[in-house]
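S.K.: Got a structure for you, written out below as structure tokens; questions coming shortly.
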Amino acid sequence: MELPKDRESIRALVDDEYFDHRTIPALEAHLMTQIQTNTYDFKANKALLKLYQYFPEMTHQPMVLRACLISLMNLPSSDYAALVYLMPERSMKSEPVSDLLRAVDCFERANFADFWESLSQSETLSEYLTAIPDFKPKLRKMVLTMVARTFQSAPRDELAKILGIEDGRLDDFAAKEGKGVVLKIEGDRVLFAKNEFNQIRTKKFKENVDFESVLKVLGNPLA
Amino acid sequence: AHRTMKGINRNDMNRIGQGEIPIDFDVIRAVKDFVFDLHDSMRRSHIKDEMEVLYSQTFRKLSDDYYKNSAWPSAEVISSQCDDDEIFLLFYSEMRMRHINVSNMADLNDRFDAWNNYCSLFDVILSCKDTNFFITSTWAFDIINEFVYQFQSFCQYRTKGNLSDEELQLLVNRQDAWAIQNVLGYLHGIIKVSKIREISEFERSKGSAKGSNDCPKSPSQLHQMMGYYAIIGLSRLHCLTADYYECLNVLSPIETADRNSEFCNNMNAYVSLYRHMGVSFMMLRRYNDAARVLSEIVVHANRSIKSGLLQKPGMEQIPRQLEKIVSMVAVVLILSPGSILDDSVLQIAVESNRERIAMIVEGGECFEKVLRDLFRSASPKFIVCSMPTFAKGSDSVPSNSLYDQQVQLFCREARQHVCFPKLRSYMKLYAAISVPKLSRFNEMKETELLAALISMKQKSTQIEWGMSGEKAPVEGSPAFGMDFNYFIEDGVIVIDENAQKKRFEKYFINQIKKCNDVTKQVKGLAI
């Protein structure tokens, strides 16, 4: 994802003043900008969570949640994991962050149907997600990629369930967001494009011995 | 003031006050000479080996001989030995306080005194007014390392929750002392003033033009050393406050993969640096990098044990740290067996944790418990660095909370791996196996198995730095942690094992060459 336009002005704060509590308002505003403009600045968001760690009385739960939500959109990077370690323990234990943690646990175990269910079950989460319209599509694409790395094909109805969409929408999804990952849909099976992980890799035999060493071994008088 | 004059009776104090006897009348000659020599090497002669002997050996010996259970003389007592050099006395005071700390004599006032001394010392360094300094690598690292350690210790102390009213009052009055923003402020300040980042960037971009006039320069050798080790100290501090990304990120100016780097000559710095890098990689699930970095320490430390390096003074902490590192290797081994490349390290990790690893195979609850125990024994002591709320009865963040959180999050991750070892061992036995069959072997439903297979693959996907000199540790390229690939086609799991890339050619060529050399030697011997 792109970096937000005001990143340069924030940069100095993030690099040099991330331990000054007066930076908090600027970083919070920066996070809201990211959500509004569909951009992403991991370091700035991490700096914000660090400041909450240093000055717990200044923690804003909604900001914590937002930072985590948009970091999920950058999977499979470890951004989300990195943020959760920094999160105040209190946030972890209270809704809606605890709901999110539970949902992500399902996601990481590849229990995708449960993942979508958990998201929709939490009202607060759903509210926040309406402000981040790109969240679900992005995660859907991720699920599709993960599945395509392990399977060569999958039954339509199963795939639709895993993607959290209705069967009817599947063709549309495969054509647009699934482009490059889905090869085609044949009857009731969805075939995935061949990638590095869902087929036998051709074995490359590399001979890495250089001629000089072989010469020496053979006791060649020229060597 | 009362502590500095400890042991001197009132009569003598009066005589000192009246100028009858000098203030340092009861200081041993050898100690006076030591102070004089150390001052000389720091300010005038700048000879590395001399200072190394004084700092590492002489100080230790004198401490053992004369100050086993007491403090070294305070700065004012020995100041005549060093021309009343205020700045040198700040360094001396730091050494003195470190010695007090080691002998476990520190109370709250001592901690405040130490903080005040660090402030004075660092303020002087930051002001750059005086640049006629020399310091050894060992000394510079020790100062920063102790600074971070004392901060760690103070955080644990002030969040303990069982402080007396008097202590609480003192803490409330001195909220600036050991406050996280001030600690970070100093470390950042030292790094900035040393210009180490600019120097590193310049050297990387210009390569050979190192000594040129365009190259940014540090105010003094001491500033450069302090800046260098401040980076390592900062990295450690970030790891202790659970910011694993930043722990790796701040290391960019240092050549962490280069065996000729400054820190490689300093065993304590080397172990500390790589250990915290290893922990950070592991927590960020970059198991390949974690395995590599931690293995480096194990191999290097074992070599040092054989060469007797670890018997020298100053290496006392290393064996214990090594134990923790081996436990961490075991953790990585369990979570990502494909990541450990070095056979000798593999052997050591398995040997030291034989029983635990045997239990893992059972799966289930044992799995999580073993990993949790290993993690607890291996991890650093994470700290809560925020200021506690001093009002009684209020809910401050408790002292162990960050540590517990890291353990909890680690266990969460471990739980997701529970069925993987068994799955992996079955899959290694087959080139292809049907989904129903594998589910039966693992006592799982087919849907559960399929989810586990997707999850296992996803968890092996990571970015890998690979100890490359080209990239910073925090960056890397996509990599896979498993040593085999698998996918599902028509209800059958196809397993594709990596061809064993054993480099037989190189080994044989080396041995043939050696044999030829020996033969030549023998032929050359006149009989």
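Lettering and numbering for the structure tokens are positional, with chains as A, B, ... in the shown order, residues counted from 1 in each chain, and ligands counted from 1 in the shown order.
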Under the rule of at most 8 Å, produce a per-residue listing of chain B near chain A: chain, number, name, the closest pair of atoms, and the distance in Å, as JSON lines, using only C-alpha atoms.

M.R.:
```
{"residue": "B:Ile180", "atom": "CA", "partner": "A:Tyr54", "partner_atom": "CA", "distance": 7.1}
{"residue": "B:Gln181", "atom": "CA", "partner": "A:Phe19", "partner_atom": "CA", "distance": 5.3}
{"residue": "B:Leu184", "atom": "CA", "partner": "A:Phe19", "partner_atom": "CA", "distance": 7.2}
{"residue": "B:Gly185", "atom": "CA", "partner": "A:Phe19", "partner_atom": "CA", "distance": 7.8}
{"residue": "B:His188", "atom": "CA", "partner": "A:Asp16", "partner_atom": "CA", "distance": 7.6}
{"residue": "B:Thr241", "atom": "CA", "partner": "A:Leu86", "partner_atom": "CA", "distance": 7.8}
{"residue": "B:Ala242", "atom": "CA", "partner": "A:Tyr85", "partner_atom": "CA", "distance": 6.0}
{"residue": "B:Asp243", "atom": "CA", "partner": "A:Leu86", "partner_atom": "CA", "distance": 6.5}
{"residue": "B:Tyr244", "atom": "CA", "partner": "A:Ala82", "partner_atom": "CA", "distance": 6.8}
{"residue": "B:Tyr245", "atom": "CA", "partner": "A:Ala82", "partner_atom": "CA", "distance": 6.7}
{"residue": "B:Leu284", "atom": "CA", "partner": "A:Ser78", "partner_atom": "CA", "distance": 5.9}
{"residue": "B:Arg285", "atom": "CA", "partner": "A:Ser78", "partner_atom": "CA", "distance": 7.4}
{"residue": "B:Cys385", "atom": "CA", "partner": "A:Tyr54", "partner_atom": "CA", "distance": 6.3}
{"residue": "B:Ser386", "atom": "CA", "partner": "A:Tyr54", "partner_atom": "CA", "distance": 4.6}
{"residue": "B:Met387", "atom": "CA", "partner": "A:Phe55", "partner_atom": "CA", "distance": 7.5}
{"residue": "B:Ser401", "atom": "CA", "partner": "A:Glu89", "partner_atom": "CA", "distance": 7.1}
{"residue": "B:Leu402", "atom": "CA", "partner": "A:Glu89", "partner_atom": "CA", "distance": 7.5}
{"residue": "B:Gln405", "atom": "CA", "partner": "A:Glu89", "partner_atom": "CA", "distance": 6.7}
{"residue": "B:Gln406", "atom": "CA", "partner": "A:Tyr85", "partner_atom": "CA", "distance": 6.5}
{"residue": "B:Leu409", "atom": "CA", "partner": "A:Tyr85", "partner_atom": "CA", "distance": 7.4}
{"residue": "B:Gln416", "atom": "CA", "partner": "A:Arg109", "partner_atom": "CA", "distance": 6.4}
{"residue": "B:Ala451", "atom": "CA", "partner": "A:Ala110", "partner_atom": "CA", "distance": 5.0}
{"residue": "B:Ala452", "atom": "CA", "partner": "A:Arg109", "partner_atom": "CA", "distance": 6.6}
{"residue": "B:Leu453", "atom": "CA", "partner": "A:Thr150", "partner_atom": "CA", "distance": 7.4}
{"residue": "B:Ile454", "atom": "CA", "partner": "A:Thr150", "partner_atom": "CA", "distance": 6.0}
{"residue": "B:Ser455", "atom": "CA", "partner": "A:Arg109", "partner_atom": "CA", "distance": 5.2}
{"residue": "B:Lys457", "atom": "CA", "partner": "A:Thr150", "partner_atom": "CA", "distance": 7.6}
{"residue": "B:Gln458", "atom": "CA", "partner": "A:Met146", "partner_atom": "CA", "distance": 6.9}
{"residue": "B:Thr461", "atom": "CA", "partner": "A:Pro76", "partner_atom": "CA", "distance": 7.8}
{"residue": "B:Gln462", "atom": "CA", "partner": "A:Ser77", "partner_atom": "CA", "distance": 7.6}
{"residue": "B:Asn485", "atom": "CA", "partner": "A:Phe197", "partner_atom": "CA", "distance": 6.9}
{"residue": "B:Tyr486", "atom": "CA", "partner": "A:Thr150", "partner_atom": "CA", "distance": 7.0}
{"residue": "B:Phe487", "atom": "CA", "partner": "A:Thr150", "partner_atom": "CA", "distance": 4.6}
{"residue": "B:Ile488", "atom": "CA", "partner": "A:Phe151", "partner_atom": "CA", "distance": 4.7}
{"residue": "B:Glu489", "atom": "CA", "partner": "A:Gln152", "partner_atom": "CA", "distance": 5.5}
{"residue": "B:Asp490", "atom": "CA", "partner": "A:Ser153", "partner_atom": "CA", "distance": 7.7}
{"residue": "B:Asp496", "atom": "CA", "partner": "A:Ile200", "partner_atom": "CA", "distance": 6.3}
{"residue": "B:Ala499", "atom": "CA", "partner": "A:Lys203", "partner_atom": "CA", "distance": 7.3}
{"residue": "B:Glu505", "atom": "CA", "partner": "A:Val209", "partner_atom": "CA", "distance": 7.1}
{"residue": "B:Lys506", "atom": "CA", "partner": "A:Val209", "partner_atom": "CA", "distance": 7.3}
{"residue": "B:Ile509", "atom": "CA", "partner": "A:Val217", "partner_atom": "CA", "distance": 6.6}
{"residue": "B:Ile512", "atom": "CA", "partner": "A:Val217", "partner_atom": "CA", "distance": 6.5}
{"residue": "B:Lys513", "atom": "CA", "partner": "A:Val217", "partner_atom": "CA", "distance": 6.3}
```

S.K.: Pull the strand (DSSP E or B) assignments for region 7-174 of chain A out of DSSP run on the backbone, and list those residues as an MDAnalysis selection string.

M.R.: chainID A and resid 151 153:155

S.K.: Those selected residues, please, written with N, CA, C and O atoms and delivered as a CSV table (one decimal), in the first residue's frame.

M.R.:
```csv
chain,number,residue,atom,x,y,z
A,151,PHE,N,-3.5,-25.6,-2.8
A,151,PHE,CA,-4.4,-26.4,-3.7
A,151,PHE,C,-4.2,-26.1,-5.1
A,151,PHE,O,-3.9,-25.0,-5.5
A,153,SER,N,-6.9,-27.0,-7.1
A,153,SER,CA,-8.3,-26.6,-7.4
A,153,SER,C,-9.1,-26.8,-6.1
A,153,SER,O,-8.7,-27.4,-5.2
A,154,ALA,N,-10.3,-26.2,-6.2
A,154,ALA,CA,-11.2,-26.3,-5.0
A,154,ALA,C,-12.6,-26.3,-5.5
A,154,ALA,O,-12.9,-25.6,-6.5
A,155,PRO,N,-13.5,-26.9,-4.7
A,155,PRO,CA,-14.9,-26.9,-5.1
A,155,PRO,C,-15.5,-25.5,-4.8
A,155,PRO,O,-15.2,-24.8,-3.9
```

S.K.: Env of Ser200 (chain B): 9 Å cut, atoms = only C-alpha atoms, seq-sep filter 3 positions within chain, self excluded. Answer as a PyMOL selection string.

M.R.: chain B and resi 195-197+203-205+252-255

S.K.: Suppose you want the space between CA of Tyr157 (chain B) and CA of Thr59 (chain A); what is it in Å?

M.R.: 23.6 Å

S.K.: Quick one: residues within 6 Å of region 132-148 of chain B, only C-alpha atoms counted, chain neighbours fewer than 3 positions away excluded, as JSON, numbers by chain?

M.R.: {"B": [42, 43, 46, 151, 221, 222, 226, 229]}

S.K.: For N, CA and C atoms, I'd like the residues from the last selection saved as a compact mmCIF listing (two decimals), in the first residue's frame.

M.R.:
```
# COMPACT_ATOMS: atom_id res chain seq x y z
N MET B 42 43.46 7.98 29.20
CA MET B 42 42.23 8.50 28.61
C MET B 42 42.44 9.88 27.98
N ARG B 43 43.28 10.68 28.62
CA ARG B 43 43.41 12.06 28.20
C ARG B 43 44.68 12.37 27.44
N HIS B 46 46.43 7.89 25.13
CA HIS B 46 45.50 7.28 24.18
C HIS B 46 45.99 5.94 23.66
N PHE B 151 18.49 0.82 34.08
CA PHE B 151 17.14 1.25 33.74
C PHE B 151 16.17 0.07 33.88
N GLN B 221 37.31 10.14 19.23
CA GLN B 221 37.26 8.68 19.21
C GLN B 221 36.25 8.18 20.24
N LEU B 222 36.22 8.86 21.37
CA LEU B 222 35.30 8.44 22.42
C LEU B 222 33.85 8.60 21.97
N MET B 226 31.17 5.64 21.77
CA MET B 226 29.95 5.72 22.56
C MET B 226 28.73 5.66 21.65
N TYR B 229 28.21 2.00 20.44
CA TYR B 229 27.61 1.12 21.44
C TYR B 229 26.25 1.59 21.91
```

S.K.: As an MDAnalysis selection string, please: the residues near Ile360 (chain B) (cut-off 10 Å, only C-alpha atoms, same-chain neighbours under 5 positions excluded).

M.R.: chainID B and resid 334 355 365:371 418 421:422

S.K.: Could those selected residues go to a file with N, CA, C and O atoms, as a CSV table (one decimal), in the first residue's frame?

M.R.:
```csv
chain,number,residue,atom,x,y,z
B,334,ILE,N,11.7,-26.3,17.4
B,334,ILE,CA,10.4,-27.0,17.5
B,334,ILE,C,9.4,-26.3,16.6
B,334,ILE,O,8.6,-27.0,15.9
B,355,GLU,N,14.9,-34.2,27.2
B,355,GLU,CA,13.6,-34.7,27.7
B,355,GLU,C,12.4,-33.9,27.2
B,355,GLU,O,11.4,-34.4,26.8
B,365,GLU,N,-1.4,-31.0,25.1
B,365,GLU,CA,-1.0,-30.0,26.1
B,365,GLU,C,0.5,-29.9,26.4
B,365,GLU,O,1.0,-28.9,26.7
B,366,CYS,N,1.1,-31.1,26.3
B,366,CYS,CA,2.6,-31.1,26.5
B,366,CYS,C,3.3,-30.1,25.6
B,366,CYS,O,4.2,-29.4,26.0
B,367,PHE,N,2.8,-30.1,24.4
B,367,PHE,CA,3.5,-29.2,23.4
B,367,PHE,C,3.6,-27.8,23.9
B,367,PHE,O,4.6,-27.1,23.9
B,368,GLU,N,2.4,-27.3,24.3
B,368,GLU,CA,2.4,-25.9,24.7
B,368,GLU,C,3.2,-25.6,25.9
B,368,GLU,O,3.9,-24.7,26.1
B,369,LYS,N,3.1,-26.6,26.9
B,369,LYS,CA,3.8,-26.4,28.1
B,369,LYS,C,5.3,-26.4,27.9
B,369,LYS,O,6.0,-25.6,28.5
B,370,VAL,N,5.8,-27.4,27.1
B,370,VAL,CA,7.2,-27.4,26.9
B,370,VAL,C,7.7,-26.1,26.3
B,370,VAL,O,8.7,-25.5,26.7
B,371,LEU,N,7.0,-25.6,25.3
B,371,LEU,CA,7.4,-24.4,24.6
B,371,LEU,C,7.3,-23.2,25.5
B,371,LEU,O,8.2,-22.4,25.5
B,418,VAL,N,0.4,-26.8,17.2
B,418,VAL,CA,0.3,-28.1,17.9
B,418,VAL,C,0.4,-29.3,17.1
B,418,VAL,O,1.1,-30.3,17.3
B,421,PRO,N,4.1,-30.9,14.2
B,421,PRO,CA,5.2,-31.8,14.2
B,421,PRO,C,4.7,-33.2,13.7
B,421,PRO,O,5.4,-33.8,12.9
B,422,LYS,N,3.6,-33.7,14.1
B,422,LYS,CA,3.1,-35.0,13.7
B,422,LYS,C,2.8,-35.0,12.2
B,422,LYS,O,3.2,-35.9,11.5
```

S.K.: Interatomic distance between CA of Val474 (chain B) and CA of Asn249 (chain B)?

M.R.: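 Rounded to one decimal, the two atoms are 5.3 Å apart.
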
S.K.: Would you mind telling me which residue in B:Met315, B:Met282, B:Cys215, B:Leu450 lies nearest to Ala269 (chain B) when using only C-alpha atoms?

M.R.: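 Result for the nearest residue to Ala269 (chain B): B:Met315.
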